[in-house]
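Note: the block below is my_file_2.txt and it holds compact mmCIF, C-alpha atoms.
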```
# COMPACT_ATOMS: atom_id res chain seq x y z
CA MET A 1 10.54 -7.01 14.48
CA ALA A 2 7.24 -5.23 13.87
CA ILE A 3 7.48 -1.70 12.44
CA GLU A 4 4.00 -0.95 13.82
CA ARG A 5 1.74 -2.42 16.50
CA ILE A 6 -1.89 -1.53 15.82
CA PRO A 7 -4.77 -2.16 18.24
CA MET A 8 -7.54 -4.34 16.81
CA GLU A 9 -10.63 -2.45 15.66
CA ARG A 10 -13.81 -3.00 13.68
CA LEU A 11 -13.74 -2.56 9.92
CA SER A 12 -16.18 0.33 10.20
CA GLN A 13 -13.72 2.17 12.47
CA LEU A 14 -10.85 1.34 10.16
CA ALA A 15 -12.73 2.76 7.18
CA LYS A 16 -13.36 6.03 9.04
CA ARG A 17 -9.68 6.35 9.93
CA ASN A 18 -8.31 5.36 6.53
CA LYS A 19 -10.57 5.71 3.51
CA GLU A 20 -7.88 4.15 1.29
CA PHE A 21 -7.68 0.90 3.25
CA ARG A 22 -9.25 -1.12 0.41
CA TRP A 23 -7.60 -1.93 -2.93
CA PRO A 24 -9.18 0.16 -5.73
CA THR A 25 -11.64 -1.32 -8.23
CA ARG A 26 -13.01 -0.20 -11.59
CA ALA A 27 -16.50 0.28 -10.17
CA THR A 28 -15.69 3.98 -9.78
CA ARG A 29 -12.91 6.33 -10.83
CA ASN A 30 -9.89 5.05 -8.94
CA ARG A 31 -6.39 6.17 -7.97
CA LEU A 32 -4.72 3.17 -9.62
CA GLU A 33 -5.60 3.14 -13.33
CA PRO A 34 -4.26 4.28 -15.65
CA VAL A 35 -2.15 6.65 -13.54
CA CYS A 36 -1.43 5.62 -9.95
CA SER A 37 -1.68 8.40 -7.36
CA PRO A 38 -1.15 6.86 -3.92
CA ARG A 39 -1.98 8.88 -0.84
CA PHE A 40 0.80 10.25 1.34
CA ASP A 41 0.61 12.29 4.54
CA PRO A 42 3.35 14.94 4.96
CA ALA A 43 4.76 15.18 8.48
CA PHE A 44 6.16 18.65 7.78
CA LYS A 45 5.84 21.58 5.37
CA ILE A 46 8.18 23.26 2.88
CA THR A 47 8.31 27.02 2.38
CA SER A 48 9.39 28.87 -0.75
CA THR A 49 12.46 30.13 1.17
CA ASP A 50 13.70 26.67 2.16
CA ASN A 51 16.93 25.35 0.68
CA ILE A 52 16.49 21.83 -0.72
CA PHE A 53 19.30 19.33 -1.29
CA THR A 54 18.75 16.37 -3.61
CA LEU A 55 21.03 13.36 -3.59
CA GLY A 56 21.09 9.82 -4.96
CA SER A 57 20.35 8.02 -8.21
CA CYS A 58 19.32 9.49 -11.56
CA PHE A 59 15.78 10.00 -10.31
CA ALA A 60 17.11 12.49 -7.73
CA ASN A 61 18.30 14.60 -10.66
CA SER A 62 14.83 14.41 -12.24
CA ILE A 63 13.39 15.70 -8.96
CA ALA A 64 15.91 18.55 -8.81
CA VAL A 65 15.10 19.65 -12.37
CA GLU A 66 11.37 19.82 -11.63
CA LEU A 67 11.85 21.71 -8.35
CA ARG A 68 14.11 24.27 -10.01
CA THR A 69 11.56 24.76 -12.78
CA LEU A 70 9.07 25.84 -10.13
CA GLY A 71 11.49 28.40 -8.74
CA LEU A 72 12.65 26.58 -5.59
CA LYS A 73 16.25 26.79 -4.38
CA VAL A 74 17.84 23.41 -4.99
CA PHE A 75 21.37 22.22 -4.20
CA PRO A 76 23.97 21.05 -5.06
CA GLU A 77 24.37 23.28 -8.06
CA ASP A 78 25.07 21.62 -11.39
CA ILE A 79 28.80 22.10 -11.94
CA LYS A 80 29.17 19.93 -15.06
CA LYS A 81 29.75 23.06 -17.15
CA ASP A 82 32.99 23.58 -15.17
CA ILE A 83 34.19 20.01 -15.85
CA PRO A 84 36.40 19.25 -18.90
CA PRO A 85 34.08 18.12 -21.75
CA GLU A 86 35.58 14.64 -22.05
CA PHE A 87 34.52 13.85 -18.46
CA ARG A 88 30.96 15.14 -18.69
CA THR A 89 28.30 12.45 -18.48
CA ASN A 90 24.73 12.61 -17.22
CA ASN A 91 25.53 10.26 -14.34
CA LEU A 92 28.84 11.87 -13.31
CA ASP A 93 27.61 12.67 -9.81
CA PHE A 94 24.85 10.09 -9.38
CA HIS A 95 25.02 7.78 -6.35
CA TYR A 96 22.96 4.65 -6.80
CA THR A 97 23.42 2.69 -3.57
CA PRO A 98 22.94 3.70 0.08
CA LYS A 99 26.66 3.05 0.65
CA ASN A 100 27.69 5.47 -2.10
CA ILE A 101 25.32 8.13 -0.79
CA LEU A 102 26.84 7.84 2.68
CA GLN A 103 30.39 8.09 1.28
CA SER A 104 29.57 11.23 -0.69
CA LEU A 105 28.31 12.92 2.45
CA LYS A 106 31.35 11.79 4.45
CA TRP A 107 33.79 13.16 1.87
CA ALA A 108 31.98 16.49 2.12
CA LEU A 109 31.36 16.65 5.87
CA GLU A 110 33.99 14.56 7.64
CA PRO A 111 36.77 13.70 5.16
CA ASP A 112 39.18 12.71 7.91
CA LYS A 113 37.02 9.69 8.76
CA ILE A 114 37.00 8.08 5.31
CA ASN A 115 39.61 6.94 2.81
CA THR A 116 40.28 9.37 -0.02
CA ARG A 117 39.05 8.97 -3.56
CA GLN A 118 42.64 9.23 -4.78
CA ASN A 119 43.50 5.91 -3.15
CA CYS A 120 40.97 4.26 -5.50
CA TYR A 121 42.50 5.65 -8.70
CA ILE A 122 43.58 3.03 -11.22
CA LYS A 123 46.87 3.83 -13.00
CA MET A 124 46.88 3.16 -16.74
CA ASN A 125 49.80 2.08 -18.92
CA ASP A 126 50.01 5.52 -20.54
CA GLY A 127 50.48 7.26 -17.20
CA LEU A 128 46.86 8.43 -17.02
CA PHE A 129 44.46 7.52 -14.21
CA PHE A 130 40.91 6.23 -14.05
CA ASP A 131 38.67 7.22 -11.11
CA PRO A 132 36.03 4.54 -10.36
CA THR A 133 34.43 6.68 -7.63
CA LEU A 134 32.78 8.92 -10.26
CA GLY A 135 30.62 8.01 -13.23
CA HIS A 136 32.94 9.30 -15.95
CA LYS A 137 34.03 7.12 -18.89
CA VAL A 138 37.59 8.17 -19.75
CA PRO A 139 40.95 8.27 -17.92
CA GLY A 140 42.81 11.51 -17.37
CA LYS A 141 45.67 13.22 -15.62
CA LYS A 142 45.71 12.81 -11.85
CA GLN A 143 45.57 16.59 -11.34
CA THR A 144 42.42 16.79 -13.48
CA LEU A 145 40.67 14.01 -11.57
CA ASP A 146 41.71 15.60 -8.26
CA GLN A 147 40.18 18.91 -9.34
CA ILE A 148 36.91 17.26 -10.43
CA ASN A 149 36.62 15.51 -7.08
CA LYS A 150 37.48 18.68 -5.20
CA SER A 151 34.76 20.56 -7.08
CA TYR A 152 32.12 17.94 -6.31
CA THR A 153 33.12 17.70 -2.66
CA LYS A 154 32.84 21.48 -2.36
CA SER A 155 29.43 21.50 -4.05
CA TYR A 156 28.19 18.82 -1.66
CA ARG A 157 29.14 20.96 1.31
CA SER A 158 26.23 23.20 0.29
CA ILE A 159 24.08 20.71 2.20
CA LEU A 160 25.13 22.63 5.31
CA LYS A 161 22.79 25.49 4.37
CA CYS A 162 19.85 23.22 3.50
CA ASN A 163 17.00 22.21 5.79
CA VAL A 164 15.11 19.89 3.41
CA ILE A 165 16.98 16.85 2.12
CA ILE A 166 15.59 14.54 -0.59
CA ILE A 167 17.41 11.23 -1.01
CA THR A 168 16.59 8.74 -3.77
CA LEU A 169 17.79 5.17 -3.30
CA GLY A 170 18.47 3.30 -6.53
CA LEU A 171 19.85 -0.22 -6.05
CA ILE A 172 21.67 -2.60 -3.69
CA GLU A 173 24.31 -4.19 -5.96
CA CYS A 174 27.59 -2.57 -4.89
CA ILE A 175 31.13 -2.63 -6.30
CA PHE A 176 33.51 -2.74 -3.32
CA ASP A 177 37.24 -1.96 -3.23
CA LYS A 178 38.57 -4.31 -0.53
CA ASP A 179 41.89 -2.46 -0.21
CA THR A 180 40.41 0.96 0.52
CA GLY A 181 37.00 0.02 1.96
CA ILE A 182 35.35 2.30 -0.61
CA TYR A 183 32.24 1.55 -2.67
CA LEU A 184 32.71 2.46 -6.32
CA GLU A 185 30.37 4.16 -8.78
CA ASN A 186 32.09 2.93 -11.92
CA TRP A 187 32.95 -0.56 -13.18
CA PRO A 188 36.76 -1.06 -12.94
CA GLY A 189 36.80 -4.29 -14.95
CA ASP A 190 37.50 -2.68 -18.33
CA VAL A 191 40.62 -0.87 -17.11
CA SER A 192 42.05 -3.52 -14.75
CA ASN A 193 43.92 -6.75 -15.43
CA ASP A 194 42.94 -10.05 -13.81
CA GLU A 195 45.39 -9.59 -10.94
CA GLU A 196 44.06 -6.12 -10.13
CA LEU A 197 40.46 -7.31 -10.32
CA ALA A 198 41.11 -9.53 -7.30
CA LYS A 199 40.93 -6.46 -5.06
CA TYR A 200 37.27 -5.85 -5.99
CA GLU A 201 34.08 -7.70 -5.15
CA ILE A 202 30.35 -7.35 -5.70
CA GLN A 203 28.25 -6.99 -2.57
CA ILE A 204 24.49 -7.56 -2.62
CA LEU A 205 23.11 -5.64 0.35
CA ASP A 206 20.34 -7.01 2.55
CA HIS A 207 17.61 -5.22 4.50
CA GLU A 208 19.66 -4.97 7.69
CA GLU A 209 22.64 -3.35 5.93
CA VAL A 210 20.48 -0.84 4.07
CA SER A 211 18.71 0.08 7.32
CA SER A 212 21.98 0.52 9.21
CA THR A 213 23.37 2.68 6.38
CA LEU A 214 20.27 4.88 6.50
CA SER A 215 20.88 5.26 10.24
CA GLU A 216 24.47 6.36 9.56
CA ILE A 217 23.27 8.90 7.01
CA TYR A 218 20.72 10.25 9.47
CA LYS A 219 23.30 10.46 12.25
CA LEU A 220 25.68 12.37 10.00
CA LEU A 221 22.97 14.83 8.94
CA SER A 222 21.91 15.30 12.56
CA GLU A 223 25.47 16.22 13.54
CA PHE A 224 25.99 18.83 10.82
CA LEU A 225 22.57 20.22 9.91
CA PRO A 226 20.21 22.44 11.94
CA ASN A 227 17.90 20.66 14.36
CA ASN A 228 14.88 21.51 12.23
CA PHE A 229 16.04 19.66 9.09
CA ASN A 230 13.58 17.33 7.37
CA LEU A 231 14.27 14.35 5.15
CA ILE A 232 12.22 12.90 2.29
CA LEU A 233 13.14 9.39 1.15
CA THR A 234 12.20 8.00 -2.23
CA VAL A 235 13.00 4.77 -4.03
CA SER A 236 13.89 5.18 -7.68
CA PRO A 237 11.52 3.30 -9.99
CA VAL A 238 14.32 3.00 -12.57
CA PRO A 239 15.13 -0.73 -12.80
CA LEU A 240 18.55 -2.35 -13.02
CA ALA A 241 20.01 -2.13 -16.53
CA SER A 242 21.86 -5.36 -15.81
CA THR A 243 22.74 -7.51 -12.81
CA PHE A 244 25.95 -8.99 -11.44
CA ARG A 245 23.97 -11.89 -9.99
CA ASN A 246 23.38 -15.23 -11.69
CA CYS A 247 19.65 -14.73 -12.18
CA ASP A 248 17.21 -12.93 -14.45
CA VAL A 249 17.64 -9.17 -14.13
CA LEU A 250 13.86 -8.95 -13.61
CA VAL A 251 14.19 -11.10 -10.48
CA ALA A 252 17.29 -9.26 -9.29
CA ASN A 253 15.55 -5.90 -9.71
CA SER A 254 12.52 -7.09 -7.75
CA TYR A 255 14.77 -8.05 -4.82
CA SER A 256 16.71 -4.79 -5.06
CA LYS A 257 13.64 -2.56 -4.95
CA SER A 258 11.95 -4.69 -2.27
CA VAL A 259 14.93 -4.35 0.07
CA LEU A 260 15.12 -0.59 -0.44
CA ARG A 261 11.38 -0.19 -0.08
CA THR A 262 11.08 -2.15 3.18
CA ALA A 263 14.11 -0.38 4.66
CA THR A 264 12.71 3.10 3.88
CA GLU A 265 9.31 2.15 5.32
CA GLY A 266 10.73 1.08 8.66
CA PHE A 267 13.16 4.00 8.81
CA SER A 268 10.52 6.64 8.08
CA LYS A 269 8.22 5.15 10.72
CA ASN A 270 10.94 5.53 13.35
CA HIS A 271 11.79 9.20 12.67
CA LYS A 272 9.30 12.05 12.95
CA ASN A 273 11.22 14.29 10.54
CA VAL A 274 11.51 11.61 7.82
CA ASP A 275 8.82 11.03 5.19
CA TYR A 276 8.59 8.36 2.55
CA LEU A 277 7.27 9.70 -0.78
CA PRO A 278 5.60 6.90 -2.82
CA VAL A 279 7.03 7.79 -6.23
CA TYR A 280 8.12 4.19 -6.79
CA GLU A 281 4.55 2.95 -6.37
CA SER A 282 3.12 5.65 -8.61
CA VAL A 283 5.42 4.81 -11.50
CA SER A 284 5.38 1.04 -11.03
CA TYR A 285 1.59 0.68 -10.71
CA SER A 286 0.66 3.09 -13.49
CA ASP A 287 -0.12 1.95 -17.00
CA ARG A 288 3.24 1.43 -18.75
CA MET A 289 2.31 3.65 -21.69
CA ALA A 290 1.86 6.56 -19.28
CA SER A 291 4.73 5.94 -16.89
CA TRP A 292 7.72 4.78 -18.95
CA ASP A 293 9.87 6.35 -21.62
CA THR A 294 10.65 4.48 -24.84
CA ASP A 295 13.66 2.71 -23.28
CA LEU A 296 11.30 1.01 -20.75
CA ARG A 297 13.68 1.98 -17.92
CA HIS A 298 13.32 5.68 -17.30
CA PRO A 299 10.06 7.25 -16.09
CA SER A 300 8.26 9.49 -18.55
CA GLN A 301 8.47 13.23 -18.12
CA PHE A 302 4.73 13.20 -17.52
CA ILE A 303 4.89 10.82 -14.54
CA VAL A 304 7.86 12.65 -13.01
CA GLN A 305 6.05 15.97 -13.28
CA LEU A 306 2.87 14.46 -11.87
CA ASN A 307 4.65 13.21 -8.76
CA MET A 308 6.65 16.37 -8.16
CA LEU A 309 3.56 18.55 -8.54
CA ARG A 310 1.58 16.27 -6.19
CA MET A 311 4.45 16.47 -3.70
CA LEU A 312 4.60 20.26 -3.78
CA LYS A 313 0.82 20.59 -3.61
CA ALA A 314 0.94 18.60 -0.35
CA TYR A 315 4.18 19.97 1.14
CA LEU A 316 4.55 23.55 -0.05
CA ILE A 317 3.03 26.27 2.10
CA GLY A 318 1.05 28.63 -0.15
CA ALA A 319 1.02 26.13 -3.02
CA GLU A 320 -2.41 27.38 -4.06
CA ASP A 321 -0.96 30.88 -4.55
CA ASN A 322 1.86 29.72 -6.82
CA ASN A 323 0.49 30.46 -10.29
CA LEU A 324 3.09 28.36 -12.10
CA LEU A 325 2.38 25.39 -9.83
CA THR A 326 -1.41 25.65 -10.15
CA ASP A 327 -1.22 26.07 -13.94
CA ARG A 328 1.01 23.01 -14.31
CA LEU A 329 -1.20 21.02 -11.95
CA LYS A 330 -4.20 21.85 -14.11
CA THR A 331 -2.32 20.75 -17.25
CA ILE A 332 -1.24 17.49 -15.61
CA GLU A 333 -4.79 16.78 -14.40
CA GLU A 334 -6.06 17.26 -17.96
CA GLN A 335 -3.44 14.80 -19.18
CA VAL A 336 -4.55 12.28 -16.55
CA ILE A 337 -8.15 12.56 -17.80
CA ASP A 338 -6.95 12.03 -21.37
CA TYR A 339 -5.02 8.94 -20.29
CA GLU A 340 -8.12 7.65 -18.53
CA LYS A 341 -10.26 8.04 -21.65
CA GLU A 342 -7.72 6.24 -23.85
CA PHE A 343 -7.23 3.53 -21.24
CA GLN A 344 -10.95 2.86 -20.83
CA ALA A 345 -11.46 2.77 -24.59
CA SER A 346 -9.01 -0.13 -24.77
CA TRP A 347 -10.98 -2.28 -22.32
CA PRO A 348 -12.97 -5.29 -23.53
CA GLU A 349 -16.71 -4.70 -23.56
CA GLN A 350 -17.32 -6.66 -20.37
CA LEU A 351 -14.73 -4.58 -18.45
CA ARG A 352 -16.18 -1.30 -19.71
CA ALA A 353 -19.55 -2.45 -18.45
CA PHE A 354 -18.01 -3.08 -15.05
CA ARG A 355 -16.84 0.55 -15.02
CA ALA A 356 -20.43 1.61 -14.27
CA ASP A 357 -21.42 2.56 -10.77
CA PHE A 358 -22.78 -0.52 -8.98
CA SER A 359 -23.42 1.16 -5.66
CA GLY A 360 -27.01 -0.17 -5.54
CA ALA A 361 -26.36 -3.48 -7.28
CA GLU A 362 -26.21 -5.59 -4.14
CA LYS A 363 -29.56 -4.24 -2.89
CA ASN A 364 -31.20 -4.81 -6.28
CA LEU A 365 -29.82 -8.32 -6.48
CA THR A 366 -31.27 -9.16 -3.08
CA GLU A 367 -34.69 -7.88 -4.22
CA TYR A 368 -34.50 -9.97 -7.40
CA VAL A 369 -33.61 -13.09 -5.40
CA ASN A 370 -36.54 -12.55 -3.04
CA LYS A 371 -38.96 -12.01 -5.94
CA SER A 372 -37.65 -15.13 -7.70
CA GLU A 373 -38.14 -17.22 -4.57
CA LYS A 374 -41.72 -15.96 -4.23
CA LEU A 375 -42.43 -16.76 -7.90
CA ILE A 376 -41.01 -20.25 -7.47
CA GLU A 377 -43.19 -20.76 -4.38
CA ILE A 378 -46.34 -19.60 -6.27
CA GLN A 379 -45.43 -21.80 -9.24
CA ASN A 380 -45.01 -24.85 -7.01
CA GLN A 381 -48.38 -24.15 -5.37
CA GLU A 382 -50.05 -23.98 -8.81
CA ILE A 383 -48.39 -27.24 -9.87
CA ASN A 384 -49.63 -28.96 -6.72
CA ARG A 385 -53.17 -27.60 -7.33
CA LEU A 386 -53.18 -28.89 -10.93
CA ASN A 387 -51.87 -32.30 -9.84
CA GLN A 388 -54.68 -32.57 -7.28
CA LEU A 389 -57.23 -31.59 -9.97
CA ILE A 390 -55.88 -34.28 -12.32
CA GLU A 391 -56.12 -36.95 -9.61
CA LEU A 392 -59.71 -35.93 -8.87
CA MET A 393 -60.68 -36.18 -12.53
CA LYS A 394 -59.10 -39.67 -12.75
CA GLN A 395 -61.13 -40.86 -9.77
CA LYS A 396 -64.40 -39.61 -11.36
CA ALA A 397 -63.57 -41.35 -14.64
CA PHE A 398 -63.44 -44.74 -12.91
```
Take the structure in the file and write it out as C-alpha cells.
Amino acid sequence: MAIERIPMERLSQLAKRNKEFRWPTRATRNRLEPVCSPRFDPAFKITSTDNIFTLGSCFANSIAVELRTLGLKVFPEDIKKDIPPEFRTNNLDFHYTPKNILQSLKWALEPDKINTRQNCYIKMNDGLFFDPTLGHKVPGKKQTLDQINKSYTKSYRSILKCNVIIITLGLIECIFDKDTGIYLENWPGDVSNDEELAKYEIQILDHEEVSSTLSEIYKLLSEFLPNNFNLILTVSPVPLASTFRNCDVLVANSYSKSVLRTATEGFSKNHKNVDYLPVYESVSYSDRMASWDTDLRHPSQFIVQLNMLRMLKAYLIGAEDNNLLTDRLKTIEEQVIDYEKEFQASWPEQLRAFRADFSGAEKNLTEYVNKSEKLIEIQNQEINRLNQLIELMKQKAF
C-alpha cells in the first residue's frame, strides 16, 4: 500500500517545491560529506516549558542527556542512584524493541491489562531470582527485584505530565516468554537449564508487526496524555552487537534497521502530531571517523550533539535567544568545517579537482565543441583546396 500518492509534475516544479530532491555531489559544499545533515520539517514546536519524555534504546538516553544539558525538563528521571549498586548498569532501563517499549508503557499506565514482571522471574538454586525484564546482570532477592520494578514503573508514570514524547527504536530481534506473553530485555539462557529454555523463543519482527505495535503505542498515549501531545520517532543508528539469526550480523542489522525505518516513515506520514527525526541517516551517512566512537557501534559525542542541536534549532521556540544553544551550535559548526577540511585533504587529486564549482562547465563545453567543429570544417576546406591545387599542377606537368 502506498504511503503517499503524488500528482505528476515537471522537474522544474519539483525543484521549486523541494530543493533537496537531488542526491548531493562534490561540485559544491554538500549536506552529505563528511557530516550528513539531512533536512527535516517539524510539524510542531517545542517550548522551554514543555515536559519531554524519552524512551527506547540506548540512543534515547543520549538524547535525554543532551536535552538536559540545555536546560530542558526531561523525564523519566534517572533513578539508578536509588538502585542497589550490584544492579546498576547503563542499560538497566533501556528498551530496544517496539514490543518492549509498549510493555513498559502498559506496566506504567494500564498494569491490569498485562502480565506482571514477577511472573517472568527465574528462580535460582540458591533461592535468589533473576529478572529478565530488566537489563541487570545479577540475581537478587525477590523483594529487591520487586522494589526496582516498582521504582521504574513509578518513574514511567511521569509520562502523564509530558506533552512531547521522543521514542527511539533500536532493533527487531525479540526474546519472547511463551508462558507469560512478555518480551524480555535480558537473555535468560545463562540462568536457565535446557528444560526451562523451552519456554522461550526468538521472534524476528516484520514491517507489519512493527507498524501495528506503533499503532498500539500511539493509541495508549492518546488515551492517557493530553490531546495536544506530540511524538518524535527516531531509529537508533547503533547496530546489533550480535544476532540470533543464522546470517552475518551485518546483514541482520541491515534488515533490522530497514524494517524500523520503513515502519516509522509510514506511521509518521499518517499522523499529524508525529515527526520522524532523521538521526539514523545522519549518523549512517556521515564519514565514519566523524560519526562513530572507537567501538564502531556507538555514535560519537560530536554526532549526537550535532543532531540534538539541529533538532532544537528547528523545534524550539526562541532557540535563537538561548545563549547556551547558540554557543554550542557555533562550536559544532566550527567542528563540521574542521572535519570538512580534513576530509577534503584526504581526497585523491582528481577528486579534489572535482570539488571546484562547475556551474558554467556545461556552457563552456558546448562552446568548445562548436569551435572545434568549425575548425574541423575550415581544415577540411583547406585540405580540399590543396588537393585541387595538386591535381591542377599534375595536369599542367603532362
Next on the checklist: Here is a test: counting only C-alpha atoms, which residue of A:Phe244, A:Phe176, A:Phe21, A:Trp292 is nearest to Val304 of chain A?
Outcome noted: A:Trp292
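Between Cys120 of chain A and the residues A:Ser291, A:Asn186, A:Ser151, A:Thr25, the shortest atom-to-atom distance, using only C-alpha atoms, involves A:Asn186.
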Where does segment 4-72 of chain A meet segment 317-340 of chain A within 9 Å, residue by residue, with the nearest atom pair and distance in Å to one decimal for each, counting only C-alpha atoms, listed by chain and rising number, as JSON lines?
```
{"residue": "A:Glu33", "atom": "CA", "partner": "A:Glu340", "partner_atom": "CA", "distance": 7.3}
{"residue": "A:Pro34", "atom": "CA", "partner": "A:Glu340", "partner_atom": "CA", "distance": 5.9}
{"residue": "A:Val35", "atom": "CA", "partner": "A:Val336", "partner_atom": "CA", "distance": 6.8}
{"residue": "A:Lys45", "atom": "CA", "partner": "A:Ile317", "partner_atom": "CA", "distance": 6.4}
{"residue": "A:Ile46", "atom": "CA", "partner": "A:Ile317", "partner_atom": "CA", "distance": 6.0}
{"residue": "A:Thr47", "atom": "CA", "partner": "A:Ile317", "partner_atom": "CA", "distance": 5.3}
{"residue": "A:Ser48", "atom": "CA", "partner": "A:Ile317", "partner_atom": "CA", "distance": 7.4}
{"residue": "A:Leu70", "atom": "CA", "partner": "A:Leu325", "partner_atom": "CA", "distance": 6.7}
```
Item to check | Contacts of segment 131-147 of chain A at 12 Å (all atoms listed in the file; same-chain gap of 4+ positions) as JSON, numbers by chain | outcome: {"A": [57, 58, 80, 82, 83, 84, 85, 86, 87, 88, 89, 90, 91, 92, 93, 94, 95, 96, 99, 100, 101, 103, 104, 107, 115, 116, 117, 118, 119, 120, 121, 122, 123, 124, 125, 126, 127, 151, 152, 153, 154, 174, 175, 176, 177, 180, 181, 182, 183, 184, 185, 186, 187, 188, 189, 190, 191, 192, 200]}
Next on the checklist: I'd like the interatomic distance between atom CA of Asn384 of chain A and atom CA of Lys396 of chain A, to a tenth of an Å.
Outcome noted: 18.8 Å
Which residues are close to segment 295-301 of chain A, i.e. within 9 Å by only C-alpha atoms, leaving aside same-chain residues fewer than 5 positions away? Reply as a JSON list (two decimals) with C-alpha atoms, keeping the file's coordinate frame.
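Once written, part.json looks like this:
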```json
[["chain", "number", "residue", "atom", "x", "y", "z"],
["A", 59, "PHE", "CA", 15.78, 10.00, -10.31],
["A", 62, "SER", "CA", 14.83, 14.41, -12.24],
["A", 237, "PRO", "CA", 11.52, 3.30, -9.99],
["A", 238, "VAL", "CA", 14.32, 3.00, -12.57],
["A", 239, "PRO", "CA", 15.13, -0.73, -12.80],
["A", 240, "LEU", "CA", 18.55, -2.35, -13.02],
["A", 241, "ALA", "CA", 20.01, -2.13, -16.53],
["A", 283, "VAL", "CA", 5.42, 4.81, -11.50],
["A", 288, "ARG", "CA", 3.24, 1.43, -18.75],
["A", 289, "MET", "CA", 2.31, 3.65, -21.69],
["A", 290, "ALA", "CA", 1.86, 6.56, -19.28],
["A", 306, "LEU", "CA", 2.87, 14.46, -11.87]]
```
